[in-house]
Number of protein chains: 2
Amino acid sequence: MKSQAPCVILNEPQLAENIGAVARVMANFGLENLRLVRPRDGWPQDRAWASASGADWPLDGAKVFDRLEDAIADLQLVLATTARPRETLLPVLTPREGVARLTHVYNEGWASGMLFGGERAGLETADVALCQAIVTVPVDPRFHSLNLAQAVAINAYEWRLTQDAGPPPSFREGPPPAEQASVHGFYAQLESELDAAGFFHPPEKRASMERNLRVAFGRAQLSEQEVRTLRGVVTALSKGRGRVLAKLAARRKDDPT
Amino acid sequence: MKSQAPCVILNEPQLAENIGAVARVMANFGLENLRLVRPRDGWPQDRAWASASGADWPLDGAKVFDRLEDAIADLQLVLATTARPRETLLPVLTPREGVARLTHVYNEGWASGMLFGGERAGLETADVALCQAIVTVPVDPRFHSLNLAQAVAINAYEWRLTQDAGPPPSFREGPPPAEQASVHGFYAQLESELDAAGFFHPPEKRASMERNLRVAFGRAQLSEQEVRTLRGVVTALSKGRGRVLAKLAARRKDDPT
């Protein structure tokens with residue numbers, strides 16, 4: 001399998017000009033796969049091409065998604081770039097450290113992405129919780145409002161630096177991380193069973209409880225086999241209910257007191 | 001004499017929006033001294049402030065010059081940033097190498113600057129010849145047209161990395177990993193419930209199945225809170241059995257068919 005450079009995922013970008021500026025820096029630094037989640041003004045937008053200064057190919061090939069989950073479904077490592085680390089238990093990396101992880105994944109032939117939030121609001125905690133690590137550009141705390149294309153530029157530049165040199169040695173043993181779609185499938189199963197078991201109470205805490213669980217599992221970077229195993233775990237633990245039911249029913253049949 | 005961070009010199013910049021974008025990335029990365037040589041549309045320009053997103057101080061303090069020689073007259077080291085090294089005998093540096101030189105000068109208490117050409121033409125050979133070294137951002141040769149503010153951003157970012165003597169972003173935010181005893185307690189609970197649910201079959205695979213589960217959870221480096229949450233998950237999923245049992249028993253009591 002041919003290695004693919006990380007894709008750039010823009011979550012709810014607002015201005016088409018910024019999407020074009022992102023495409024331009026992607027081309028500057030050798031990235032080409034662009035994914036857009038719910039661009040505010042729809043897609044395609046002529047103004048994006050106008051501001052890309054000829055870097056048309058990331059725009060021509062851009063894929064548009066309704067949901068972030070779908071945009072990252074086939075990726076094995078997703079880094080969330082945000083200036084404000086939230087109260088998640090994800091590792092917080094510099095761009096250089098983040099790119100080192102992406103490079104490792106790239107050298108293994110796996111698929112990865114860098115996620116950026118929209119111009120105004122950045123990334124929501126729930127978006128960050130779908131990622132495996134946070135990348136924070138080391139801006140001056142007195143003025144941390146980094147333009148979207150600049151944030152992409154810094155990370156893409158660091159990526160490019162690693163590609164100029166030879167590949168560093170890989171340091172993860174064993175099978176590759178699962179695609180996010182598998183991981184999300186596991187989350188859905190787990191959360192549905194927990195729901196059935198009355199785990200999520202009080203209801204207003206449900207979102208944060210789900211998020212905390214996802215972060216813990218996300219940090220593990222589960223393999224496909226591990227996802228299957230964990231699904232089996234949830235099934236086994238939940239199915240017990242069914243079996244107890246069946247056994248009781250059988251007992252009632254045999255011995256209708 | 002107090003050390004001054006390098007100034008940013010824009011030679012014949014064209015668009016006021018780009019000057020504002022430059023001010024913004026300067027503020028992002030802790031630079032504040034901006035010098036403009038023959039800005040095409042004159043100075044000041046409201047559009048510069050409009051595109052600086054609040055990074056007004058580099059614009060408010062910007063000095064304007066008619067000649068590049070005057071703009072760099074008081075500096076002791078000037079680096080010319082250009083994508084196309086000319087036939088000068090100046091050293092050609094990466095941004096990182098260039099910033100290393102600037103840092104040295106800064107630590108000596110000397111004054112330095114980074115020179116950038118206009119949007120269309122970049123720097124002329126005569127301009128470059130006034131500098132002590134060339135800095136080339138390592139763009140992809142297939143698309144080397146780097147936006148002016150992006151070129152400043154990359155160099156300013158590298159500068160900031162050298163100045164950011166503060167604590168690096170922690171590898172891991174938040175509470176420390178749980179003690180192993182807590183983790184092992186969770187393993188014991190999980191494995192006992194899985195046993196009860198008939199998960200471990202065939203029996204001779206039990207050891208490797210347990211090991212695989214432990215490895216996956218181990219990689220997540222769970223916090224104490226996460227261990228408690230996961231114990232709650234297992235309890236919730238398993239207790240269903242008890243509840244179903246109780247419900248059935250209650251039903252049998254109410255309605256003994």
# chains A, B, ... in the order shown; residues from 1 in each chain; ligands from 1
call {"tool": "residues_around", "arguments": {"residues": "stretch 191-207 of chain B", "least_positions_apart": "6", "cutoff": "9 Å", "atoms": "only C-alpha atoms", "output": "PDB file with all heavy atoms, in the first residue's frame"}}
result
ATOM      1  N   GLY A 232     -16.638  -7.717  21.399  1.00  0.00           N
ATOM      2  CA  GLY A 232     -17.009  -9.002  21.985  1.00  0.00           C
ATOM      3  C   GLY A 232     -17.215  -8.890  23.484  1.00  0.00           C
ATOM      4  O   GLY A 232     -18.119  -9.512  24.052  1.00  0.00           O
ATOM      5  N   VAL A 233     -16.379  -8.093  24.121  1.00  0.00           N
ATOM      6  CA  VAL A 233     -16.503  -7.879  25.562  1.00  0.00           C
ATOM      7  C   VAL A 233     -17.867  -7.275  25.891  1.00  0.00           C
ATOM      8  O   VAL A 233     -18.595  -7.758  26.773  1.00  0.00           O
ATOM      9  CB  VAL A 233     -15.378  -6.956  26.075  1.00  0.00           C
ATOM     10  CG1 VAL A 233     -15.712  -6.391  27.443  1.00  0.00           C
ATOM     11  CG2 VAL A 233     -14.054  -7.710  26.113  1.00  0.00           C
ATOM     12  N   ALA A 236     -20.567  -9.773  25.257  1.00  0.00           N
ATOM     13  CA  ALA A 236     -20.583 -10.829  26.272  1.00  0.00           C
ATOM     14  C   ALA A 236     -21.201 -10.315  27.564  1.00  0.00           C
ATOM     15  O   ALA A 236     -22.054 -10.964  28.166  1.00  0.00           O
ATOM     16  CB  ALA A 236     -19.168 -11.336  26.533  1.00  0.00           C
ATOM     17  N   LEU A 237     -20.771  -9.119  27.976  1.00  0.00           N
ATOM     18  CA  LEU A 237     -21.286  -8.584  29.232  1.00  0.00           C
ATOM     19  C   LEU A 237     -22.775  -8.301  29.133  1.00  0.00           C
ATOM     20  O   LEU A 237     -23.524  -8.501  30.102  1.00  0.00           O
ATOM     21  CB  LEU A 237     -20.529  -7.309  29.616  1.00  0.00           C
ATOM     22  CG  LEU A 237     -19.064  -7.501  30.011  1.00  0.00           C
ATOM     23  CD1 LEU A 237     -18.391  -6.156  30.236  1.00  0.00           C
ATOM     24  CD2 LEU A 237     -18.942  -8.371  31.268  1.00  0.00           C
ATOM     25  N   SER A 238     -23.219  -7.836  27.976  1.00  0.00           N
ATOM     26  CA  SER A 238     -24.630  -7.462  27.845  1.00  0.00           C
ATOM     27  C   SER A 238     -25.508  -8.682  27.598  1.00  0.00           C
ATOM     28  O   SER A 238     -26.622  -8.762  28.102  1.00  0.00           O
ATOM     29  CB  SER A 238     -24.808  -6.477  26.682  1.00  0.00           C
ATOM     30  OG  SER A 238     -23.764  -5.556  26.662  1.00  0.00           O
ATOM     31  N   LYS A 239     -24.962  -9.599  26.801  1.00  0.00           N
ATOM     32  CA  LYS A 239     -25.761 -10.752  26.433  1.00  0.00           C
ATOM     33  C   LYS A 239     -26.104 -11.585  27.650  1.00  0.00           C
ATOM     34  O   LYS A 239     -27.081 -12.317  27.656  1.00  0.00           O
ATOM     35  CB  LYS A 239     -25.035 -11.608  25.399  1.00  0.00           C
ATOM     36  CG  LYS A 239     -25.947 -12.258  24.394  1.00  0.00           C
ATOM     37  CD  LYS A 239     -25.186 -12.766  23.177  1.00  0.00           C
ATOM     38  CE  LYS A 239     -23.984 -13.625  23.537  1.00  0.00           C
ATOM     39  NZ  LYS A 239     -23.258 -14.063  22.321  1.00  0.00           N
ATOM     40  N   GLY A 240     -25.251 -11.474  28.660  1.00  0.00           N
ATOM     41  CA  GLY A 240     -25.569 -12.179  29.895  1.00  0.00           C
ATOM     42  C   GLY A 240     -27.021 -11.984  30.280  1.00  0.00           C
ATOM     43  O   GLY A 240     -27.710 -12.919  30.671  1.00  0.00           O
ATOM     44  N   ARG A 243     -29.109 -14.251  28.407  1.00  0.00           N
ATOM     45  CA  ARG A 243     -28.966 -15.639  28.821  1.00  0.00           C
ATOM     46  C   ARG A 243     -29.667 -15.898  30.155  1.00  0.00           C
ATOM     47  O   ARG A 243     -30.346 -16.909  30.312  1.00  0.00           O
ATOM     48  CB  ARG A 243     -27.495 -16.006  28.927  1.00  0.00           C
ATOM     49  CG  ARG A 243     -27.086 -17.016  27.876  1.00  0.00           C
ATOM     50  CD  ARG A 243     -26.035 -17.984  28.346  1.00  0.00           C
ATOM     51  NE  ARG A 243     -25.003 -17.347  29.132  1.00  0.00           N
ATOM     52  CZ  ARG A 243     -24.054 -16.589  28.618  1.00  0.00           C
ATOM     53  NH1 ARG A 243     -24.023 -16.348  27.323  1.00  0.00           N
ATOM     54  NH2 ARG A 243     -23.143 -16.051  29.393  1.00  0.00           N
TER      55      ARG A 243
ATOM     56  N   VAL B 234     -18.494  -1.706  33.471  1.00  0.00           N
ATOM     57  CA  VAL B 234     -18.616  -3.159  33.599  1.00  0.00           C
ATOM     58  C   VAL B 234     -19.762  -3.503  34.539  1.00  0.00           C
ATOM     59  O   VAL B 234     -20.570  -4.399  34.257  1.00  0.00           O
ATOM     60  CB  VAL B 234     -17.282  -3.760  34.096  1.00  0.00           C
ATOM     61  CG1 VAL B 234     -17.447  -5.248  34.414  1.00  0.00           C
ATOM     62  CG2 VAL B 234     -16.193  -3.558  33.054  1.00  0.00           C
ATOM     63  N   THR B 235     -19.833  -2.765  35.639  1.00  0.00           N
ATOM     64  CA  THR B 235     -20.924  -3.021  36.580  1.00  0.00           C
ATOM     65  C   THR B 235     -22.275  -2.797  35.921  1.00  0.00           C
ATOM     66  O   THR B 235     -23.188  -3.623  36.033  1.00  0.00           O
ATOM     67  CB  THR B 235     -20.797  -2.094  37.810  1.00  0.00           C
ATOM     68  OG1 THR B 235     -19.531  -2.347  38.419  1.00  0.00           O
ATOM     69  CG2 THR B 235     -21.912  -2.341  38.805  1.00  0.00           C
ATOM     70  N   SER B 238     -23.046  -5.486  33.426  1.00  0.00           N
ATOM     71  CA  SER B 238     -23.277  -6.798  34.034  1.00  0.00           C
ATOM     72  C   SER B 238     -24.500  -6.793  34.936  1.00  0.00           C
ATOM     73  O   SER B 238     -25.229  -7.778  34.999  1.00  0.00           O
ATOM     74  CB  SER B 238     -22.054  -7.222  34.866  1.00  0.00           C
ATOM     75  OG  SER B 238     -20.868  -6.861  34.226  1.00  0.00           O
TER      76      SER B 238
END
call {"tool": "residues_around", "arguments": {"residues": "stretch 64-70 of chain B", "least_positions_apart": "4", "cutoff": "9 Å", "atoms": "only C-alpha atoms", "output": "ChimeraX atom specification"}}
result
/B:9,11,34-39,43,74,127,130
call {"tool": "write_last_selection", "arguments": {"atoms": "N, CA and C atoms", "output": "PDB file, in the first residue's frame"}}
result
ATOM      1  N   ILE B   9      10.937  43.425   7.994  1.00  0.00           N
ATOM      2  CA  ILE B   9      10.996  44.470   6.979  1.00  0.00           C
ATOM      3  C   ILE B   9      10.291  43.971   5.723  1.00  0.00           C
ATOM      4  N   ASN B  11       9.609  44.817   1.948  1.00  0.00           N
ATOM      5  CA  ASN B  11      10.094  45.666   0.872  1.00  0.00           C
ATOM      6  C   ASN B  11       9.037  45.770  -0.225  1.00  0.00           C
ATOM      7  N   LEU B  34       7.817  46.439  13.018  1.00  0.00           N
ATOM      8  CA  LEU B  34       7.518  46.300  11.593  1.00  0.00           C
ATOM      9  C   LEU B  34       8.050  47.515  10.836  1.00  0.00           C
ATOM     10  N   ARG B  35       8.724  47.262   9.718  1.00  0.00           N
ATOM     11  CA  ARG B  35       9.238  48.347   8.884  1.00  0.00           C
ATOM     12  C   ARG B  35       8.757  48.120   7.451  1.00  0.00           C
ATOM     13  N   LEU B  36       8.313  49.198   6.828  1.00  0.00           N
ATOM     14  CA  LEU B  36       7.757  49.105   5.478  1.00  0.00           C
ATOM     15  C   LEU B  36       8.587  49.975   4.545  1.00  0.00           C
ATOM     16  N   VAL B  37       9.014  49.382   3.439  1.00  0.00           N
ATOM     17  CA  VAL B  37       9.746  50.142   2.434  1.00  0.00           C
ATOM     18  C   VAL B  37       8.829  50.349   1.221  1.00  0.00           C
ATOM     19  N   ARG B  38       8.495  51.609   0.940  1.00  0.00           N
ATOM     20  CA  ARG B  38       7.661  51.970  -0.204  1.00  0.00           C
ATOM     21  C   ARG B  38       6.398  51.102  -0.356  1.00  0.00           C
ATOM     22  N   PRO B  39       5.534  51.065   0.666  1.00  0.00           N
ATOM     23  CA  PRO B  39       4.274  50.322   0.471  1.00  0.00           C
ATOM     24  C   PRO B  39       3.515  50.914  -0.721  1.00  0.00           C
ATOM     25  N   TRP B  43       0.770  54.759   3.196  1.00  0.00           N
ATOM     26  CA  TRP B  43       0.640  54.327   4.593  1.00  0.00           C
ATOM     27  C   TRP B  43       0.257  55.517   5.433  1.00  0.00           C
ATOM     28  N   ASP B  74      20.273  50.554  10.869  1.00  0.00           N
ATOM     29  CA  ASP B  74      20.693  50.367  12.266  1.00  0.00           C
ATOM     30  C   ASP B  74      20.813  48.895  12.669  1.00  0.00           C
ATOM     31  N   ASP B 127      18.591  43.938  -3.630  1.00  0.00           N
ATOM     32  CA  ASP B 127      18.101  43.949  -2.249  1.00  0.00           C
ATOM     33  C   ASP B 127      18.774  42.838  -1.452  1.00  0.00           C
ATOM     34  N   LEU B 130      22.202  43.333  -0.041  1.00  0.00           N
ATOM     35  CA  LEU B 130      22.378  44.150   1.159  1.00  0.00           C
ATOM     36  C   LEU B 130      22.311  43.318   2.441  1.00  0.00           C
TER      37      LEU B 130
END
call {"tool": "atom_distance", "arguments": {"atom1": "atom CA of A:Val152", "atom2": "atom CA of A:Asp56"}}
result
16.6 Å
call {"tool": "closest_atom_pairs", "arguments": {"of": "chain A", "to": "chain B", "cutoff": "6 Å", "atoms": "only C-alpha atoms", "output": "JSON lines"}}
result
{"residue": "A:Ala27", "atom": "CA", "partner": "B:Phe143", "partner_atom": "CA", "distance": 5.9}
{"residue": "A:Asn28", "atom": "CA", "partner": "B:Val139", "partner_atom": "CA", "distance": 5.1}
{"residue": "A:Phe29", "atom": "CA", "partner": "B:Val139", "partner_atom": "CA", "distance": 5.3}
{"residue": "A:Gly30", "atom": "CA", "partner": "B:Asp140", "partner_atom": "CA", "distance": 5.6}
{"residue": "A:Leu89", "atom": "CA", "partner": "B:Glu173", "partner_atom": "CA", "distance": 5.9}
{"residue": "A:Pro91", "atom": "CA", "partner": "B:Arg172", "partner_atom": "CA", "distance": 4.3}
{"residue": "A:Val92", "atom": "CA", "partner": "B:Phe171", "partner_atom": "CA", "distance": 5.4}
{"residue": "A:Val139", "atom": "CA", "partner": "B:Asn28", "partner_atom": "CA", "distance": 5.1}
{"residue": "A:Asp140", "atom": "CA", "partner": "B:Phe29", "partner_atom": "CA", "distance": 5.3}
{"residue": "A:Phe143", "atom": "CA", "partner": "B:Asn28", "partner_atom": "CA", "distance": 5.3}
{"residue": "A:His144", "atom": "CA", "partner": "B:Asn28", "partner_atom": "CA", "distance": 5.6}
{"residue": "A:Ala197", "atom": "CA", "partner": "B:Ala236", "partner_atom": "CA", "distance": 5.7}
{"residue": "A:Phe199", "atom": "CA", "partner": "B:Ala236", "partner_atom": "CA", "distance": 5.8}
{"residue": "A:Arg219", "atom": "CA", "partner": "B:Ala220", "partner_atom": "CA", "distance": 5.1}
{"residue": "A:Ala220", "atom": "CA", "partner": "B:Ala220", "partner_atom": "CA", "distance": 4.1}
{"residue": "A:Ala236", "atom": "CA", "partner": "B:Ala197", "partner_atom": "CA", "distance": 5.7}
{"residue": "A:Leu237", "atom": "CA", "partner": "B:Ser238", "partner_atom": "CA", "distance": 5.5}
{"residue": "A:Ser238", "atom": "CA", "partner": "B:Leu237", "partner_atom": "CA", "distance": 5.5}
{"residue": "A:Gly240", "atom": "CA", "partner": "B:Ala197", "partner_atom": "CA", "distance": 5.5}
{"residue": "A:Arg241", "atom": "CA", "partner": "B:Arg241", "partner_atom": "CA", "distance": 4.3}
call {"tool": "select_by_dssp", "arguments": {"residues": "stretch 29-256 of chain B", "states": "strand (DSSP E)", "output": "ChimeraX atom specification"}}
result
/B:34-37,63-65,77-81,92-93,112-116,133-135
call {"tool": "write_last_selection", "arguments": {"atoms": "C-alpha atoms", "output": "PDB file, in the first residue's frame"}}
result
ATOM      1  CA  LEU B  34       7.518  46.300  11.593  1.00  0.00           C
ATOM      2  CA  ARG B  35       9.238  48.347   8.884  1.00  0.00           C
ATOM      3  CA  LEU B  36       7.757  49.105   5.478  1.00  0.00           C
ATOM      4  CA  VAL B  37       9.746  50.142   2.434  1.00  0.00           C
ATOM      5  CA  LYS B  63       8.076  52.775  10.392  1.00  0.00           C
ATOM      6  CA  VAL B  64       8.003  53.669   6.722  1.00  0.00           C
ATOM      7  CA  PHE B  65      11.098  54.161   4.566  1.00  0.00           C
ATOM      8  CA  LEU B  77      22.265  41.233  10.836  1.00  0.00           C
ATOM      9  CA  VAL B  78      19.660  41.123   8.068  1.00  0.00           C
ATOM     10  CA  LEU B  79      18.411  37.891   6.565  1.00  0.00           C
ATOM     11  CA  ALA B  80      16.712  37.961   3.161  1.00  0.00           C
ATOM     12  CA  THR B  81      13.840  35.526   2.840  1.00  0.00           C
ATOM     13  CA  VAL B  92      21.477  29.900   2.016  1.00  0.00           C
ATOM     14  CA  LEU B  93      19.849  28.870   5.287  1.00  0.00           C
ATOM     15  CA  SER B 112      18.577  42.204  13.529  1.00  0.00           C
ATOM     16  CA  GLY B 113      15.882  41.919  10.920  1.00  0.00           C
ATOM     17  CA  MET B 114      14.140  39.579   8.525  1.00  0.00           C
ATOM     18  CA  LEU B 115      13.554  41.016   5.066  1.00  0.00           C
ATOM     19  CA  PHE B 116      10.681  39.959   2.826  1.00  0.00           C
ATOM     20  CA  ALA B 133      22.409  35.547   4.442  1.00  0.00           C
ATOM     21  CA  ILE B 134      19.477  34.120   2.523  1.00  0.00           C
ATOM     22  CA  VAL B 135      16.691  32.169   4.182  1.00  0.00           C
TER      23      VAL B 135
END
call {"tool": "calpha_fit_rmsd", "arguments": {"fixed": "chain B", "moving": "chain A"}}
result
24.3 Å
call {"tool": "residues_around", "arguments": {"residues": "A:Trp49", "least_positions_apart": "6", "cutoff": "9 Å", "atoms": "only C-alpha atoms", "output": "MDAnalysis selection string"}}
result
chainID A and resid 16:17 19:21 23 55:56 59:60
call {"tool": "atom_distance", "arguments": {"atom1": "atom CA of A:Glu119", "atom2": "atom CA of A:Leu15"}}
result
8.0 Å
call {"tool": "closest_residue", "arguments": {"among": "A:Gly122, A:Gly61, A:Pro177, A:Pro13", "to": "A:Asn33", "atoms": "only C-alpha atoms"}}
result
A:Gly61
call {"tool": "atom_distance", "arguments": {"atom1": "atom CA of A:Arg214", "atom2": "atom CA of A:Gly185"}}
result
11.7 Å
call {"tool": "decode", "arguments": {"residues": "stretch 69-167 of chain B", "atoms": "C-alpha atoms", "output": "PDB file, in the first residue's frame"}}
result
ATOM      1  CA  GLU B  69      19.213  50.862   2.854  1.00  0.00           C
ATOM      2  CA  ASP B  70      17.632  53.249   5.344  1.00  0.00           C
ATOM      3  CA  ALA B  71      15.227  50.644   6.660  1.00  0.00           C
ATOM      4  CA  ILE B  72      18.087  48.357   7.659  1.00  0.00           C
ATOM      5  CA  ALA B  73      20.666  51.022   8.514  1.00  0.00           C
ATOM      6  CA  ASP B  74      20.693  50.367  12.266  1.00  0.00           C
ATOM      7  CA  LEU B  75      20.616  46.563  12.063  1.00  0.00           C
ATOM      8  CA  GLN B  76      23.589  44.316  12.611  1.00  0.00           C
ATOM      9  CA  LEU B  77      22.265  41.233  10.836  1.00  0.00           C
ATOM     10  CA  VAL B  78      19.660  41.123   8.068  1.00  0.00           C
ATOM     11  CA  LEU B  79      18.411  37.891   6.565  1.00  0.00           C
ATOM     12  CA  ALA B  80      16.712  37.961   3.161  1.00  0.00           C
ATOM     13  CA  THR B  81      13.840  35.526   2.840  1.00  0.00           C
ATOM     14  CA  THR B  82      13.419  34.413  -0.733  1.00  0.00           C
ATOM     15  CA  ALA B  83      12.218  31.254  -2.376  1.00  0.00           C
ATOM     16  CA  ARG B  84      14.720  31.580  -5.165  1.00  0.00           C
ATOM     17  CA  PRO B  85      18.329  31.901  -4.079  1.00  0.00           C
ATOM     18  CA  ARG B  86      19.983  34.267  -6.536  1.00  0.00           C
ATOM     19  CA  GLU B  87      23.465  34.066  -7.847  1.00  0.00           C
ATOM     20  CA  THR B  88      24.904  35.725  -4.829  1.00  0.00           C
ATOM     21  CA  LEU B  89      27.595  34.184  -2.730  1.00  0.00           C
ATOM     22  CA  LEU B  90      25.525  34.483   0.421  1.00  0.00           C
ATOM     23  CA  PRO B  91      24.909  31.435   2.556  1.00  0.00           C
ATOM     24  CA  VAL B  92      21.477  29.900   2.016  1.00  0.00           C
ATOM     25  CA  LEU B  93      19.849  28.870   5.287  1.00  0.00           C
ATOM     26  CA  THR B  94      16.700  27.107   6.357  1.00  0.00           C
ATOM     27  CA  PRO B  95      14.363  29.177   8.533  1.00  0.00           C
ATOM     28  CA  ARG B  96      15.639  27.236  11.523  1.00  0.00           C
ATOM     29  CA  GLU B  97      19.251  27.955  10.704  1.00  0.00           C
ATOM     30  CA  GLY B  98      18.432  31.586  10.044  1.00  0.00           C
ATOM     31  CA  VAL B  99      16.700  31.940  13.376  1.00  0.00           C
ATOM     32  CA  ALA B 100      19.678  30.364  15.095  1.00  0.00           C
ATOM     33  CA  ARG B 101      21.781  33.234  13.745  1.00  0.00           C
ATOM     34  CA  LEU B 102      19.200  35.793  14.790  1.00  0.00           C
ATOM     35  CA  THR B 103      19.100  34.297  18.255  1.00  0.00           C
ATOM     36  CA  HIS B 104      22.844  34.552  18.577  1.00  0.00           C
ATOM     37  CA  VAL B 105      22.696  38.210  17.590  1.00  0.00           C
ATOM     38  CA  TYR B 106      19.800  38.788  19.970  1.00  0.00           C
ATOM     39  CA  ASN B 107      21.687  37.197  22.839  1.00  0.00           C
ATOM     40  CA  GLU B 108      24.600  39.532  22.141  1.00  0.00           C
ATOM     41  CA  GLY B 109      22.269  42.516  22.429  1.00  0.00           C
ATOM     42  CA  TRP B 110      22.532  43.382  18.743  1.00  0.00           C
ATOM     43  CA  ALA B 111      19.762  44.438  16.364  1.00  0.00           C
ATOM     44  CA  SER B 112      18.577  42.204  13.529  1.00  0.00           C
ATOM     45  CA  GLY B 113      15.882  41.919  10.920  1.00  0.00           C
ATOM     46  CA  MET B 114      14.140  39.579   8.525  1.00  0.00           C
ATOM     47  CA  LEU B 115      13.554  41.016   5.066  1.00  0.00           C
ATOM     48  CA  PHE B 116      10.681  39.959   2.826  1.00  0.00           C
ATOM     49  CA  GLY B 117       9.959  41.012  -0.744  1.00  0.00           C
ATOM     50  CA  GLY B 118       6.678  42.200  -2.234  1.00  0.00           C
ATOM     51  CA  GLU B 119       3.903  39.838  -3.254  1.00  0.00           C
ATOM     52  CA  ARG B 120       4.552  39.857  -6.956  1.00  0.00           C
ATOM     53  CA  ALA B 121       8.255  40.192  -7.542  1.00  0.00           C
ATOM     54  CA  GLY B 122       9.875  39.147  -4.289  1.00  0.00           C
ATOM     55  CA  LEU B 123      13.317  40.528  -3.635  1.00  0.00           C
ATOM     56  CA  GLU B 124      15.614  41.883  -6.313  1.00  0.00           C
ATOM     57  CA  THR B 125      19.189  40.706  -6.421  1.00  0.00           C
ATOM     58  CA  ALA B 126      20.303  44.179  -5.353  1.00  0.00           C
ATOM     59  CA  ASP B 127      18.101  43.949  -2.249  1.00  0.00           C
ATOM     60  CA  VAL B 128      19.418  40.507  -1.377  1.00  0.00           C
ATOM     61  CA  ALA B 129      22.961  41.795  -1.773  1.00  0.00           C
ATOM     62  CA  LEU B 130      22.378  44.150   1.159  1.00  0.00           C
ATOM     63  CA  CYS B 131      21.794  41.185   3.465  1.00  0.00           C
ATOM     64  CA  GLN B 132      24.132  38.816   5.261  1.00  0.00           C
ATOM     65  CA  ALA B 133      22.409  35.547   4.442  1.00  0.00           C
ATOM     66  CA  ILE B 134      19.477  34.120   2.523  1.00  0.00           C
ATOM     67  CA  VAL B 135      16.691  32.169   4.182  1.00  0.00           C
ATOM     68  CA  THR B 136      14.689  29.836   1.963  1.00  0.00           C
ATOM     69  CA  VAL B 137      11.512  28.250   3.248  1.00  0.00           C
ATOM     70  CA  PRO B 138      11.600  24.614   2.115  1.00  0.00           C
ATOM     71  CA  VAL B 139       8.557  24.729  -0.153  1.00  0.00           C
ATOM     72  CA  ASP B 140       7.669  22.011  -2.602  1.00  0.00           C
ATOM     73  CA  PRO B 141       9.444  22.912  -5.860  1.00  0.00           C
ATOM     74  CA  ARG B 142       6.220  22.109  -7.710  1.00  0.00           C
ATOM     75  CA  PHE B 143       4.453  25.001  -5.986  1.00  0.00           C
ATOM     76  CA  HIS B 144       6.783  27.518  -4.444  1.00  0.00           C
ATOM     77  CA  SER B 145       4.529  30.601  -4.493  1.00  0.00           C
ATOM     78  CA  LEU B 146       4.377  31.284  -0.768  1.00  0.00           C
ATOM     79  CA  ASN B 147       2.009  33.963   0.509  1.00  0.00           C
ATOM     80  CA  LEU B 148       3.828  36.882   2.133  1.00  0.00           C
ATOM     81  CA  ALA B 149       2.205  36.476   5.544  1.00  0.00           C
ATOM     82  CA  GLN B 150       2.897  32.727   5.407  1.00  0.00           C
ATOM     83  CA  ALA B 151       6.579  33.355   4.773  1.00  0.00           C
ATOM     84  CA  VAL B 152       6.677  35.685   7.767  1.00  0.00           C
ATOM     85  CA  ALA B 153       4.695  33.158   9.816  1.00  0.00           C
ATOM     86  CA  ILE B 154       7.151  30.314   9.225  1.00  0.00           C
ATOM     87  CA  ASN B 155      10.139  32.444  10.222  1.00  0.00           C
ATOM     88  CA  ALA B 156       8.357  34.064  13.155  1.00  0.00           C
ATOM     89  CA  TYR B 157       7.246  30.626  14.346  1.00  0.00           C
ATOM     90  CA  GLU B 158      10.843  29.398  14.281  1.00  0.00           C
ATOM     91  CA  TRP B 159      11.881  32.517  16.181  1.00  0.00           C
ATOM     92  CA  ARG B 160       9.222  31.885  18.784  1.00  0.00           C
ATOM     93  CA  LEU B 161      10.411  28.315  19.287  1.00  0.00           C
ATOM     94  CA  THR B 162      13.820  29.613  20.304  1.00  0.00           C
ATOM     95  CA  GLN B 163      12.299  32.150  22.698  1.00  0.00           C
ATOM     96  CA  ASP B 164       9.758  29.839  24.223  1.00  0.00           C
ATOM     97  CA  ALA B 165      11.995  28.933  27.136  1.00  0.00           C
ATOM     98  CA  GLY B 166       8.925  28.324  29.273  1.00  0.00           C
ATOM     99  CA  PRO B 167       7.764  24.834  30.033  1.00  0.00           C
TER     100      PRO B 167
END
